[in-house]
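A.B. asks: Structure file start23.cif (mmCIF, C-alpha atoms) is given on the next line.
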```cif
data_coords
loop_
_atom_site.group_PDB
_atom_site.id
_atom_site.type_symbol
_atom_site.label_atom_id
_atom_site.label_comp_id
_atom_site.auth_asym_id
_atom_site.auth_seq_id
_atom_site.Cartn_x
_atom_site.Cartn_y
_atom_site.Cartn_z
ATOM 1 C CA MET A 1 142.804 114.352 96.753
ATOM 2 C CA ALA A 2 142.923 110.552 96.491
ATOM 3 C CA ALA A 3 139.888 108.305 96.151
ATOM 4 C CA ARG A 4 139.352 105.567 98.729
ATOM 5 C CA THR A 5 138.807 102.333 96.804
ATOM 6 C CA GLY A 6 136.718 99.278 97.568
ATOM 7 C CA GLY A 7 137.802 95.656 97.313
ATOM 8 C CA ASP A 8 136.842 95.469 93.654
ATOM 9 C CA GLY A 9 138.861 98.591 92.867
ATOM 10 C CA ARG A 10 135.851 100.864 92.296
ATOM 11 C CA ALA A 11 136.161 104.413 93.614
ATOM 12 C CA MET A 12 134.034 104.957 96.732
ATOM 13 C CA LEU A 13 134.436 108.108 98.781
ATOM 14 C CA PRO A 14 137.062 110.764 98.160
ATOM 15 C CA GLU A 15 139.798 111.080 100.750
ATOM 16 C CA PHE A 16 140.474 114.781 101.263
ATOM 17 C CA GLU A 17 143.873 116.095 102.259
ATOM 18 C CA ASN A 18 142.384 118.131 105.093
ATOM 19 C CA HIS A 19 139.088 118.919 106.827
ATOM 20 C CA ALA A 20 137.432 115.691 105.631
ATOM 21 C CA VAL A 21 135.388 115.355 108.816
ATOM 22 C CA TYR A 22 133.965 118.876 108.373
ATOM 23 C CA ILE A 23 133.051 118.263 104.731
ATOM 24 C CA TYR A 24 131.317 114.952 105.475
ATOM 25 C CA ALA A 25 129.555 116.456 108.515
ATOM 26 C CA ALA A 26 128.191 119.398 106.483
ATOM 27 C CA TYR A 27 126.981 117.280 103.565
ATOM 28 C CA GLY A 28 125.731 114.457 105.821
ATOM 29 C CA LEU A 29 123.663 116.790 108.000
ATOM 30 C CA ALA A 30 122.289 118.606 104.945
ATOM 31 C CA ALA A 31 121.317 115.276 103.350
ATOM 32 C CA ALA A 32 119.648 114.152 106.594
ATOM 33 C CA THR A 33 117.704 117.430 106.891
ATOM 34 C CA LEU A 34 116.535 117.395 103.274
ATOM 35 C CA GLY A 35 115.746 113.661 103.492
ATOM 36 C CA ALA A 36 113.594 114.185 106.587
ATOM 37 C CA LEU A 37 111.848 117.158 104.962
ATOM 38 C CA ILE A 38 111.120 115.239 101.745
ATOM 39 C CA ALA A 39 109.870 112.205 103.723
ATOM 40 C CA ALA A 40 107.543 114.362 105.853
ATOM 41 C CA ILE A 41 106.094 116.262 102.875
ATOM 42 C CA VAL A 42 105.620 113.129 100.747
ATOM 43 C CA TYR A 43 104.071 111.221 103.685
ATOM 44 C CA ARG A 44 101.552 114.018 104.334
ATOM 45 C CA ALA A 45 100.753 114.230 100.612
ATOM 46 C CA ARG A 46 100.083 110.487 100.344
ATOM 47 C CA ARG A 47 97.935 110.494 103.485
ATOM 48 C CA ALA A 48 95.873 113.456 102.238
ATOM 49 C CA ARG A 49 95.382 111.888 98.809
ATOM 50 C CA ALA A 50 94.300 108.559 100.341
ATOM 51 C CA LYS A 51 91.820 110.379 102.593
ATOM 52 C CA VAL A 52 90.300 112.345 99.700
ATOM 53 C CA GLU A 53 90.015 109.187 97.585
ATOM 54 C CA ARG A 54 88.316 107.303 100.441
ATOM 55 C CA LEU A 55 85.860 110.125 101.135
ATOM 56 C CA GLN A 56 85.158 110.581 97.429
ATOM 57 C CA ARG A 57 84.470 106.842 97.077
ATOM 58 C CA GLN A 58 82.103 106.945 100.071
ATOM 59 C CA ALA A 59 80.323 109.972 98.597
ATOM 60 C CA ASP A 60 79.973 108.254 95.188
ATOM 61 C CA GLU A 61 78.608 105.074 96.816
ATOM 62 C CA SER A 62 76.015 106.947 98.856
ATOM 63 C CA ASP A 63 75.012 109.100 95.880
ATOM 64 C CA PRO A 64 75.357 106.976 92.691
ATOM 65 C CA PRO A 65 75.164 108.782 89.323
ATOM 66 C CA ALA A 66 71.836 108.615 87.438
ATOM 67 C CA GLN A 67 71.535 105.704 84.937
ATOM 68 C CA GLY A 68 70.804 106.169 81.217
ATOM 69 C CA MET B 1 98.199 136.461 85.352
ATOM 70 C CA ILE B 2 97.664 136.247 89.108
ATOM 71 C CA LYS B 3 94.054 135.212 88.499
ATOM 72 C CA ALA B 4 95.153 132.463 86.087
ATOM 73 C CA PHE B 5 97.344 130.923 88.810
ATOM 74 C CA ALA B 6 94.796 131.529 91.569
ATOM 75 C CA ASN B 7 92.513 128.745 90.383
ATOM 76 C CA PRO B 8 93.188 125.607 92.521
ATOM 77 C CA HIS B 9 91.989 123.221 89.769
ATOM 78 C CA ARG B 10 94.337 124.809 87.258
ATOM 79 C CA PHE B 11 97.161 124.688 89.812
ATOM 80 C CA MET B 12 96.523 120.987 90.570
ATOM 81 C CA ALA B 13 96.667 120.108 86.860
ATOM 82 C CA PHE B 14 99.747 122.269 86.231
ATOM 83 C CA SER B 15 101.673 121.050 89.293
ATOM 84 C CA GLN B 16 100.938 117.401 88.484
ATOM 85 C CA ARG B 17 102.477 117.881 85.051
ATOM 86 C CA VAL B 18 105.629 119.705 86.180
ATOM 87 C CA GLN B 19 106.427 117.799 89.400
ATOM 88 C CA PRO B 20 108.309 114.879 87.781
ATOM 89 C CA TRP B 21 110.462 117.373 85.856
ATOM 90 C CA LEU B 22 111.167 119.383 88.989
ATOM 91 C CA TYR B 23 112.193 116.358 91.069
ATOM 92 C CA GLY B 24 114.078 114.703 88.183
ATOM 93 C CA GLY B 25 115.940 117.906 87.361
ATOM 94 C CA ALA B 26 116.717 118.536 91.022
ATOM 95 C CA ALA B 27 118.110 115.010 91.527
ATOM 96 C CA ALA B 28 120.318 115.250 88.425
ATOM 97 C CA LEU B 29 121.662 118.746 89.132
ATOM 98 C CA ILE B 30 122.265 118.169 92.860
ATOM 99 C CA ALA B 31 124.030 114.849 92.139
ATOM 100 C CA TYR B 32 126.181 116.623 89.530
ATOM 101 C CA SER B 33 127.061 119.434 91.948
ATOM 102 C CA VAL B 34 127.990 116.982 94.744
ATOM 103 C CA TRP B 35 130.167 115.055 92.301
ATOM 104 C CA GLN B 36 131.864 118.311 91.287
ATOM 105 C CA ALA B 37 132.304 119.312 94.942
ATOM 106 C CA PHE B 38 133.767 115.959 96.014
ATOM 107 C CA TYR B 39 135.778 114.845 92.996
ATOM 108 C CA VAL B 40 136.400 117.641 90.495
ATOM 109 C CA VAL B 41 137.076 121.088 91.998
ATOM 110 C CA SER B 42 140.568 121.746 93.352
ATOM 111 C CA PRO B 43 141.159 122.647 97.001
ATOM 112 C CA GLU B 44 140.950 126.399 97.534
ATOM 113 C CA ARG B 45 144.289 128.235 97.848
ATOM 114 C CA PHE B 46 143.813 129.444 101.440
ATOM 115 C CA GLN B 47 141.022 127.295 102.867
ATOM 116 C CA GLY B 48 142.021 123.941 101.395
ATOM 117 C CA ASP B 49 139.340 121.258 101.051
ATOM 118 C CA SER B 50 136.878 122.902 103.462
ATOM 119 C CA ALA B 51 135.850 125.306 100.652
ATOM 120 C CA ARG B 52 133.929 122.365 99.152
ATOM 121 C CA ILE B 53 131.258 123.038 101.804
ATOM 122 C CA MET B 54 130.394 126.120 99.741
ATOM 123 C CA PHE B 55 128.336 124.035 97.297
ATOM 124 C CA ILE B 56 125.730 123.287 99.959
ATOM 125 C CA HIS B 57 126.166 126.323 102.235
ATOM 126 C CA VAL B 58 125.725 129.064 99.636
ATOM 127 C CA PRO B 59 122.668 127.588 97.805
ATOM 128 C CA ALA B 60 121.074 126.958 101.216
ATOM 129 C CA ALA B 61 121.662 130.613 102.159
ATOM 130 C CA TRP B 62 120.202 131.883 98.874
ATOM 131 C CA LEU B 63 117.146 129.641 99.164
ATOM 132 C CA GLY B 64 116.623 130.485 102.828
ATOM 133 C CA MET B 65 116.397 134.157 101.811
ATOM 134 C CA ALA B 66 114.486 133.535 98.567
ATOM 135 C CA GLY B 67 111.990 131.332 100.420
ATOM 136 C CA TYR B 68 111.214 134.111 102.879
ATOM 137 C CA ALA B 69 110.974 136.717 100.103
ATOM 138 C CA GLY B 70 108.578 134.393 98.249
ATOM 139 C CA MET B 71 106.561 133.917 101.428
ATOM 140 C CA ALA B 72 106.297 137.696 101.859
ATOM 141 C CA ALA B 73 105.276 138.163 98.191
ATOM 142 C CA ALA B 74 102.595 135.458 98.466
ATOM 143 C CA SER B 75 101.392 136.981 101.738
ATOM 144 C CA PHE B 76 101.151 140.390 100.034
ATOM 145 C CA VAL B 77 99.055 138.887 97.236
ATOM 146 C CA TRP B 78 96.788 137.244 99.825
ATOM 147 C CA PHE B 79 96.568 140.451 101.814
ATOM 148 C CA ILE B 80 95.531 142.576 98.817
ATOM 149 C CA TRP B 81 93.512 140.169 96.636
ATOM 150 C CA ARG B 82 92.592 137.454 99.184
ATOM 151 C CA HIS B 83 93.546 134.625 96.808
ATOM 152 C CA GLU B 84 93.507 131.453 98.898
ATOM 153 C CA LEU B 85 96.195 129.854 96.748
ATOM 154 C CA ALA B 86 98.604 132.662 97.683
ATOM 155 C CA ASP B 87 98.112 131.850 101.361
ATOM 156 C CA THR B 88 98.584 128.161 100.554
ATOM 157 C CA ALA B 89 101.894 129.014 98.822
ATOM 158 C CA ALA B 90 103.112 131.106 101.779
ATOM 159 C CA LYS B 91 102.217 128.329 104.227
ATOM 160 C CA ALA B 92 103.970 125.691 102.069
ATOM 161 C CA LEU B 93 107.127 127.796 101.681
ATOM 162 C CA ALA B 94 107.716 128.172 105.434
ATOM 163 C CA PRO B 95 109.003 124.683 106.408
ATOM 164 C CA VAL B 96 111.065 124.291 103.222
ATOM 165 C CA GLY B 97 112.649 127.733 103.586
ATOM 166 C CA ALA B 98 113.276 127.102 107.281
ATOM 167 C CA ALA B 99 115.041 123.817 106.467
ATOM 168 C CA TYR B 100 117.335 125.576 103.975
ATOM 169 C CA CYS B 101 117.959 128.352 106.495
ATOM 170 C CA ALA B 102 118.926 125.758 109.140
ATOM 171 C CA ILE B 103 121.220 123.969 106.642
ATOM 172 C CA CYS B 104 122.892 127.307 105.893
ATOM 173 C CA LEU B 105 123.456 127.995 109.590
ATOM 174 C CA TYR B 106 124.980 124.672 110.577
ATOM 175 C CA SER B 107 126.962 124.124 107.386
ATOM 176 C CA GLY B 108 128.316 127.651 107.930
ATOM 177 C CA ALA B 109 129.275 126.820 111.512
ATOM 178 C CA ILE B 110 130.992 123.622 110.329
ATOM 179 C CA TRP B 111 132.826 125.562 107.604
ATOM 180 C CA GLY B 112 133.736 128.348 110.050
ATOM 181 C CA LYS B 113 135.581 126.094 112.494
ATOM 182 C CA PRO B 114 138.483 125.081 110.182
ATOM 183 C CA THR B 115 138.454 128.439 108.341
ATOM 184 C CA TRP B 116 138.106 131.018 111.110
ATOM 185 C CA GLY B 117 138.745 128.847 114.163
ATOM 186 C CA THR B 118 135.238 129.371 115.540
ATOM 187 C CA TRP B 119 131.804 127.802 115.088
ATOM 188 C CA TRP B 120 129.956 131.056 115.779
ATOM 189 C CA GLN B 121 130.679 134.765 116.189
ATOM 190 C CA TRP B 122 127.998 137.005 117.672
ATOM 191 C CA ASP B 123 129.445 140.193 116.168
ATOM 192 C CA ASP B 124 129.237 138.835 112.607
ATOM 193 C CA ALA B 125 126.133 140.531 111.172
ATOM 194 C CA ARG B 126 125.647 137.912 108.439
ATOM 195 C CA MET B 127 125.475 135.033 110.959
ATOM 196 C CA VAL B 128 123.181 136.847 113.385
ATOM 197 C CA SER B 129 120.793 138.144 110.694
ATOM 198 C CA MET B 130 120.572 134.612 109.238
ATOM 199 C CA LEU B 131 119.727 133.287 112.711
ATOM 200 C CA VAL B 132 117.030 135.982 112.959
ATOM 201 C CA LEU B 133 115.659 134.686 109.625
ATOM 202 C CA LEU B 134 115.364 131.176 111.087
ATOM 203 C CA PHE B 135 113.481 132.614 114.082
ATOM 204 C CA LEU B 136 111.181 134.498 111.702
ATOM 205 C CA TYR B 137 110.390 131.245 109.886
ATOM 206 C CA LEU B 138 109.745 129.434 113.190
ATOM 207 C CA GLY B 139 107.676 132.383 114.440
ATOM 208 C CA TYR B 140 105.611 132.353 111.240
ATOM 209 C CA MET B 141 104.802 128.645 111.645
ATOM 210 C CA ALA B 142 104.100 129.044 115.375
ATOM 211 C CA VAL B 143 101.782 132.041 114.830
ATOM 212 C CA ARG B 144 99.816 130.176 112.159
ATOM 213 C CA ALA B 145 99.511 127.085 114.365
ATOM 214 C CA ALA B 146 98.298 129.167 117.324
ATOM 215 C CA MET B 147 95.290 130.618 115.457
ATOM 216 C CA ASP B 148 91.955 128.830 115.655
ATOM 217 C CA THR B 149 90.716 129.650 112.133
ATOM 218 C CA ARG B 150 92.389 129.568 108.749
ATOM 219 C CA GLN B 151 91.492 133.212 108.123
ATOM 220 C CA LYS B 152 93.148 134.395 111.346
ATOM 221 C CA ALA B 153 96.203 132.213 110.668
ATOM 222 C CA ALA B 154 96.548 133.663 107.161
ATOM 223 C CA GLN B 155 96.183 137.227 108.426
ATOM 224 C CA ALA B 156 98.656 136.928 111.312
ATOM 225 C CA GLY B 157 101.137 134.994 109.153
ATOM 226 C CA ALA B 158 100.884 137.508 106.298
ATOM 227 C CA ILE B 159 101.640 140.434 108.605
ATOM 228 C CA LEU B 160 104.650 138.663 110.110
ATOM 229 C CA ALA B 161 105.967 137.633 106.673
ATOM 230 C CA MET B 162 105.593 141.139 105.224
ATOM 231 C CA VAL B 163 107.225 142.840 108.223
ATOM 232 C CA GLY B 164 109.978 140.240 108.560
ATOM 233 C CA VAL B 165 111.053 140.496 104.917
ATOM 234 C CA ILE B 166 113.033 143.631 105.857
ATOM 235 C CA ASN B 167 115.592 141.164 107.240
ATOM 236 C CA VAL B 168 116.362 139.775 103.746
ATOM 237 C CA PRO B 169 118.176 142.888 102.390
ATOM 238 C CA ILE B 170 119.845 143.237 105.798
ATOM 239 C CA ILE B 171 121.309 139.728 105.344
ATOM 240 C CA LYS B 172 122.342 140.488 101.757
ATOM 241 C CA PHE B 173 124.139 143.769 102.483
ATOM 242 C CA SER B 174 125.357 142.927 106.011
ATOM 243 C CA VAL B 175 128.773 141.851 104.727
ATOM 244 C CA ASP B 176 129.259 145.154 102.895
ATOM 245 C CA ILE B 177 128.015 147.382 105.729
ATOM 246 C CA TRP B 178 129.400 145.653 108.848
ATOM 247 C CA ALA B 179 132.716 143.991 107.946
ATOM 248 C CA SER B 180 133.465 141.007 110.173
ATOM 249 C CA LEU B 181 134.339 137.366 109.526
ATOM 250 C CA HIS B 182 132.325 136.952 106.315
ATOM 251 C CA GLN B 183 133.974 138.219 103.147
ATOM 252 C CA PRO B 184 132.109 140.761 100.936
ATOM 253 C CA ALA B 185 129.757 139.347 98.272
ATOM 254 C CA SER B 186 131.616 137.471 95.518
ATOM 255 C CA VAL B 187 128.788 136.190 93.277
ATOM 256 C CA VAL B 188 125.742 138.492 93.385
ATOM 257 C CA ARG B 189 127.508 141.845 92.800
ATOM 258 C CA PHE B 190 126.697 144.873 90.691
ATOM 259 C CA ASP B 191 130.044 144.556 88.855
ATOM 260 C CA GLY B 192 129.782 140.785 88.253
ATOM 261 C CA PRO B 193 131.114 137.765 90.162
ATOM 262 C CA THR B 194 134.723 137.703 91.348
ATOM 263 C CA MET B 195 134.741 133.926 91.909
ATOM 264 C CA ASP B 196 136.795 131.657 89.638
ATOM 265 C CA ALA B 197 134.728 129.891 86.960
ATOM 266 C CA SER B 198 135.814 126.429 88.224
ATOM 267 C CA TYR B 199 133.914 127.189 91.453
ATOM 268 C CA LEU B 200 131.231 129.490 90.068
ATOM 269 C CA TYR B 201 129.581 127.137 87.553
ATOM 270 C CA PRO B 202 129.204 124.112 89.901
ATOM 271 C CA LEU B 203 127.875 126.559 92.507
ATOM 272 C CA LEU B 204 125.261 127.929 90.094
ATOM 273 C CA ILE B 205 124.290 124.376 89.083
ATOM 274 C CA ALA B 206 123.911 123.412 92.759
ATOM 275 C CA ALA B 207 121.751 126.506 93.325
ATOM 276 C CA LEU B 208 119.560 125.649 90.334
ATOM 277 C CA GLY B 209 119.181 122.034 91.521
ATOM 278 C CA HIS B 210 118.142 123.094 95.007
ATOM 279 C CA THR B 211 115.775 125.711 93.540
ATOM 280 C CA LEU B 212 114.030 122.960 91.566
ATOM 281 C CA LEU B 213 113.857 120.804 94.728
ATOM 282 C CA LEU B 214 112.396 123.687 96.750
ATOM 283 C CA THR B 215 109.812 124.375 94.018
ATOM 284 C CA GLY B 216 108.863 120.679 93.813
ATOM 285 C CA LEU B 217 108.476 120.392 97.589
ATOM 286 C CA VAL B 218 106.435 123.600 97.788
ATOM 287 C CA PHE B 219 104.144 122.360 94.992
ATOM 288 C CA THR B 220 103.685 119.011 96.798
ATOM 289 C CA ALA B 221 102.907 120.777 100.084
ATOM 290 C CA MET B 222 100.450 123.108 98.306
ATOM 291 C CA ARG B 223 98.706 120.135 96.694
ATOM 292 C CA THR B 224 98.460 118.498 100.139
ATOM 293 C CA ASP B 225 96.882 121.648 101.569
ATOM 294 C CA ILE B 226 94.331 121.812 98.750
ATOM 295 C CA MET B 227 93.496 118.094 99.179
ATOM 296 C CA THR B 228 93.151 118.515 102.949
ATOM 297 C CA ARG B 229 90.617 121.296 102.382
ATOM 298 C CA ARG B 230 88.793 119.123 99.840
ATOM 299 C CA ALA B 231 88.652 116.276 102.384
ATOM 300 C CA ARG B 232 87.187 118.673 104.947
ATOM 301 C CA ALA B 233 84.532 119.785 102.441
ATOM 302 C CA LEU B 234 83.639 116.155 101.656
ATOM 303 C CA LEU B 235 83.348 115.373 105.383
ATOM 304 C CA LEU B 236 81.047 118.374 105.881
ATOM 305 C CA ARG B 237 78.905 117.268 102.918
ATOM 306 C CA GLN B 238 78.668 113.761 104.388
ATOM 307 C CA ALA B 239 77.714 115.163 107.796
ATOM 308 C CA ALA B 240 75.044 117.370 106.222
ATOM 309 C CA ALA B 241 73.524 114.503 104.173
#
```
Transcribe the structure of this file into structure tokens.
C.D. replies:
Amino acid sequence: MAARTGGDGRAMLPEFENHAVYIYAAYGLAAATLGALIAAIVYRARRARAKVERLQRQADESDPPAQG
Amino acid sequence: MIKAFANPHRFMAFSQRVQPWLYGGAAALIAYSVWQAFYVVSPERFQGDSARIMFIHVPAAWLGMAGYAGMAAASFVWFIWRHELADTAAKALAPVGAAYCAICLYSGAIWGKPTWGTWWQWDDARMVSMLVLLFLYLGYMAVRAAMDTRQKAAQAGAILAMVGVINVPIIKFSVDIWASLHQPASVVRFDGPTMDASYLYPLLIAALGHTLLLTGLVFTAMRTDIMTRRARALLLRQAAA
């Protein structure tokens, strides 16, 4: 297995002797699936946290804690 | 012990502490396993370079099955003790497990083409039972979404998860019972793995990395569910005031 090299000589992607397209397809699709899953879960988490913080702030403003 | 983990406040504090370690560990171990798969391991004697697909296909298969088994266990806990956090865990496991199940199916199809000359074989019990697992995941999410209350969704989902878990041992032992394209088990065996160490250790590291990722994602999804319920409670309090 040889490594494909960039202009500056650094190793980039490996060049497989056979089945390269299958290997890149499997890993590429898996990365896309996991990337989409992570993005969806993190987006929903951020949105939920922002909503709770906003509602909590509104609740605190309408019902301020007792002084002293 | 179940009661200690059933407290949402305790879970929120615990998950906040462990999440960076889960995601950090997952990133490091998955990157290491991909580097091993692409640059270090030698081509397999018969399959050539396509055997490198193993390092994503096999962990995805294990996690697809483990995710469903975890969902069934959490559903059982909800069914018996009615701990809301158990239902939250089952609900959070479904999309992550389904994603791993889907990755297993299409990476397997992609690996099958150069190895067996076919993308899919309907008489291979391992392939078909894994496809059934994906349908069980999709069915679980669809059933939950179709219910109009959380209680009904939890109940219907729990029944489906507990009944459907029978498919997990069928997947595991399908290659031993109905011989077809898939080879018999070579890692999880009663008499120890038959796989060469140069493949086995990167595979186990990949599986550990993806397990940490699955756990991190499930914890994040559980935290989201708890926060969504908290937001609903705050809205109700505002409406009542």
A.B. asks: Using the chain letters and numbers from this file, what does the PyMOL selection byres ((chain B) within 9 of (chain A)) select? Give the answer as an mmCIF file with C-alpha atoms, keeping the file's coordinate frame.
C.D. replies:
```cif
data_model
loop_
_atom_site.group_PDB
_atom_site.id
_atom_site.type_symbol
_atom_site.label_atom_id
_atom_site.label_comp_id
_atom_site.auth_asym_id
_atom_site.auth_seq_id
_atom_site.Cartn_x
_atom_site.Cartn_y
_atom_site.Cartn_z
ATOM 1 C CA VAL B 34 127.990 116.982 94.744
ATOM 2 C CA PHE B 38 133.767 115.959 96.014
ATOM 3 C CA TYR B 39 135.778 114.845 92.996
ATOM 4 C CA SER B 42 140.568 121.746 93.352
ATOM 5 C CA PRO B 43 141.159 122.647 97.001
ATOM 6 C CA GLY B 48 142.021 123.941 101.395
ATOM 7 C CA ASP B 49 139.340 121.258 101.051
ATOM 8 C CA SER B 50 136.878 122.902 103.462
ATOM 9 C CA ALA B 51 135.850 125.306 100.652
ATOM 10 C CA ARG B 52 133.929 122.365 99.152
ATOM 11 C CA ILE B 53 131.258 123.038 101.804
ATOM 12 C CA ILE B 56 125.730 123.287 99.959
ATOM 13 C CA HIS B 57 126.166 126.323 102.235
ATOM 14 C CA PRO B 95 109.003 124.683 106.408
ATOM 15 C CA VAL B 96 111.065 124.291 103.222
ATOM 16 C CA ALA B 99 115.041 123.817 106.467
ATOM 17 C CA TYR B 100 117.335 125.576 103.975
ATOM 18 C CA ALA B 102 118.926 125.758 109.140
ATOM 19 C CA ILE B 103 121.220 123.969 106.642
ATOM 20 C CA CYS B 104 122.892 127.307 105.893
ATOM 21 C CA TYR B 106 124.980 124.672 110.577
ATOM 22 C CA SER B 107 126.962 124.124 107.386
ATOM 23 C CA GLY B 108 128.316 127.651 107.930
ATOM 24 C CA ILE B 110 130.992 123.622 110.329
ATOM 25 C CA TRP B 111 132.826 125.562 107.604
ATOM 26 C CA LYS B 113 135.581 126.094 112.494
ATOM 27 C CA PRO B 114 138.483 125.081 110.182
ATOM 28 C CA LEU B 217 108.476 120.392 97.589
ATOM 29 C CA VAL B 218 106.435 123.600 97.788
ATOM 30 C CA THR B 220 103.685 119.011 96.798
ATOM 31 C CA ALA B 221 102.907 120.777 100.084
ATOM 32 C CA ARG B 223 98.706 120.135 96.694
ATOM 33 C CA THR B 224 98.460 118.498 100.139
ATOM 34 C CA ASP B 225 96.882 121.648 101.569
ATOM 35 C CA MET B 227 93.496 118.094 99.179
ATOM 36 C CA THR B 228 93.151 118.515 102.949
ATOM 37 C CA ARG B 230 88.793 119.123 99.840
ATOM 38 C CA ALA B 231 88.652 116.276 102.384
ATOM 39 C CA ARG B 232 87.187 118.673 104.947
ATOM 40 C CA LEU B 234 83.639 116.155 101.656
ATOM 41 C CA LEU B 235 83.348 115.373 105.383
ATOM 42 C CA ARG B 237 78.905 117.268 102.918
ATOM 43 C CA GLN B 238 78.668 113.761 104.388
#
```
A.B. asks: Atom CA of B:Gly209 and atom CA of B:Gly25 are how many Å apart?
C.D. replies: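 Interatomic distance, atom CA of B:Gly209 to atom CA of B:Gly25: 6.7 Å.
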A.B. asks: Just the residues within 10 Å of B:Phe219, please, counting all atoms listed in the file, with nothing from its chain fewer than 6 positions along; format it as a list of chain:residue names.
C.D. replies: B:Phe11, B:Met12, B:Phe14, B:Ser15, B:Gln16, B:Val18, B:Gln19, B:Leu22, B:Thr88, B:Ala89, B:Ala92, B:Leu93, B:Leu213, B:Asp225
A.B. asks: Just to confirm, what's the straight-line distance from atom CA of B:Ser174 to atom CA of B:Ser186 in Å (one decimal)?
C.D. replies: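 Computed distance, atom CA of B:Ser174 to atom CA of B:Ser186, equals 13.4 Å.
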A.B. asks: Kindly give the distance, in Å, that separates atom CA of B:His83 and atom CA of B:Ala154, rounded to a single decimal.
C.D. replies: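 Separation of atom CA of B:His83 and atom CA of B:Ala154: 10.8 Å.
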A.B. asks: I'd like to see the residues matched by the PyMOL selection byres ((chain B and resi 164-171) around 8) on this file, and ideally I'd get them as a PDB file with C-alpha atoms, in the coordinates of the input.
C.D. replies:
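As written to disk, selection-v3.pdb reads:
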```pdb
ATOM      1  CA  MET B  65     116.397 134.157 101.811  1.00  0.00           C
ATOM      2  CA  TYR B  68     111.214 134.111 102.879  1.00  0.00           C
ATOM      3  CA  ALA B  69     110.974 136.717 100.103  1.00  0.00           C
ATOM      4  CA  ALA B  72     106.297 137.696 101.859  1.00  0.00           C
ATOM      5  CA  ALA B 125     126.133 140.531 111.172  1.00  0.00           C
ATOM      6  CA  ARG B 126     125.647 137.912 108.439  1.00  0.00           C
ATOM      7  CA  SER B 129     120.793 138.144 110.694  1.00  0.00           C
ATOM      8  CA  MET B 130     120.572 134.612 109.238  1.00  0.00           C
ATOM      9  CA  VAL B 132     117.030 135.982 112.959  1.00  0.00           C
ATOM     10  CA  LEU B 133     115.659 134.686 109.625  1.00  0.00           C
ATOM     11  CA  LEU B 136     111.181 134.498 111.702  1.00  0.00           C
ATOM     12  CA  LEU B 160     104.650 138.663 110.110  1.00  0.00           C
ATOM     13  CA  ALA B 161     105.967 137.633 106.673  1.00  0.00           C
ATOM     14  CA  MET B 162     105.593 141.139 105.224  1.00  0.00           C
ATOM     15  CA  VAL B 163     107.225 142.840 108.223  1.00  0.00           C
ATOM     16  CA  LYS B 172     122.342 140.488 101.757  1.00  0.00           C
ATOM     17  CA  PHE B 173     124.139 143.769 102.483  1.00  0.00           C
ATOM     18  CA  SER B 174     125.357 142.927 106.011  1.00  0.00           C
ATOM     19  CA  VAL B 175     128.773 141.851 104.727  1.00  0.00           C
TER      20      VAL B 175
END
```
A.B. asks: Tell me, as a PyMOL selection string, which residues lie within 12 Å of B:Lys152, counting only C-alpha atoms; anything in the same chain fewer than 6 positions away does not count.
C.D. replies: chain B and resi 79+87+143-146+158-159
A.B. asks: Box for stretch 56-65 of chain A: with edges along x, y and z, all listed atoms inside and 3 Å added on each side, what are the centre and edge lengths in Å to one decimal, as AutoDock Vina command-line options?
C.D. replies:
```
--center_x 80.1 --center_y 107.8 --center_z 94.7 --size_x 16.1 --size_y 11.5 --size_z 16.7
```
A.B. asks: Would you output stretch 35-44 of chain A from that structure, restricted to N, CA and C atoms, as an mmCIF file, in the first residue's frame?
C.D. replies:
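Contents of result-v3.cif, freshly written:
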```cif
data_model
loop_
_atom_site.group_PDB
_atom_site.id
_atom_site.type_symbol
_atom_site.label_atom_id
_atom_site.label_comp_id
_atom_site.auth_asym_id
_atom_site.auth_seq_id
_atom_site.Cartn_x
_atom_site.Cartn_y
_atom_site.Cartn_z
ATOM 1 N N GLY A 35 -21.643 11.903 11.512
ATOM 2 C CA GLY A 35 -21.583 13.374 11.547
ATOM 3 C C GLY A 35 -22.971 13.975 11.615
ATOM 4 N N ALA A 36 -23.885 13.454 10.791
ATOM 5 C CA ALA A 36 -25.265 13.970 10.792
ATOM 6 C C ALA A 36 -25.936 13.692 12.134
ATOM 7 N N LEU A 37 -25.695 12.497 12.677
ATOM 8 C CA LEU A 37 -26.291 12.131 13.970
ATOM 9 C C LEU A 37 -25.780 13.045 15.086
ATOM 10 N N ILE A 38 -24.462 13.251 15.112
ATOM 11 C CA ILE A 38 -23.867 14.113 16.150
ATOM 12 C C ILE A 38 -24.413 15.534 16.008
ATOM 13 N N ALA A 39 -24.472 16.042 14.763
ATOM 14 C CA ALA A 39 -24.964 17.412 14.541
ATOM 15 C C ALA A 39 -26.409 17.547 15.019
ATOM 16 N N ALA A 40 -27.252 16.557 14.701
ATOM 17 C CA ALA A 40 -28.663 16.629 15.101
ATOM 18 C C ALA A 40 -28.808 16.600 16.619
ATOM 19 N N ILE A 41 -28.069 15.707 17.276
ATOM 20 C CA ILE A 41 -28.193 15.577 18.741
ATOM 21 C C ILE A 41 -27.654 16.822 19.443
ATOM 22 N N VAL A 42 -26.524 17.334 18.973
ATOM 23 C CA VAL A 42 -25.935 18.532 19.598
ATOM 24 C C VAL A 42 -26.821 19.750 19.348
ATOM 25 N N TYR A 43 -27.390 19.860 18.132
ATOM 26 C CA TYR A 43 -28.277 20.993 17.828
ATOM 27 C C TYR A 43 -29.499 20.990 18.749
ATOM 28 N N ARG A 44 -30.108 19.812 18.913
ATOM 29 C CA ARG A 44 -31.300 19.709 19.779
ATOM 30 C C ARG A 44 -30.933 20.021 21.231
#
```
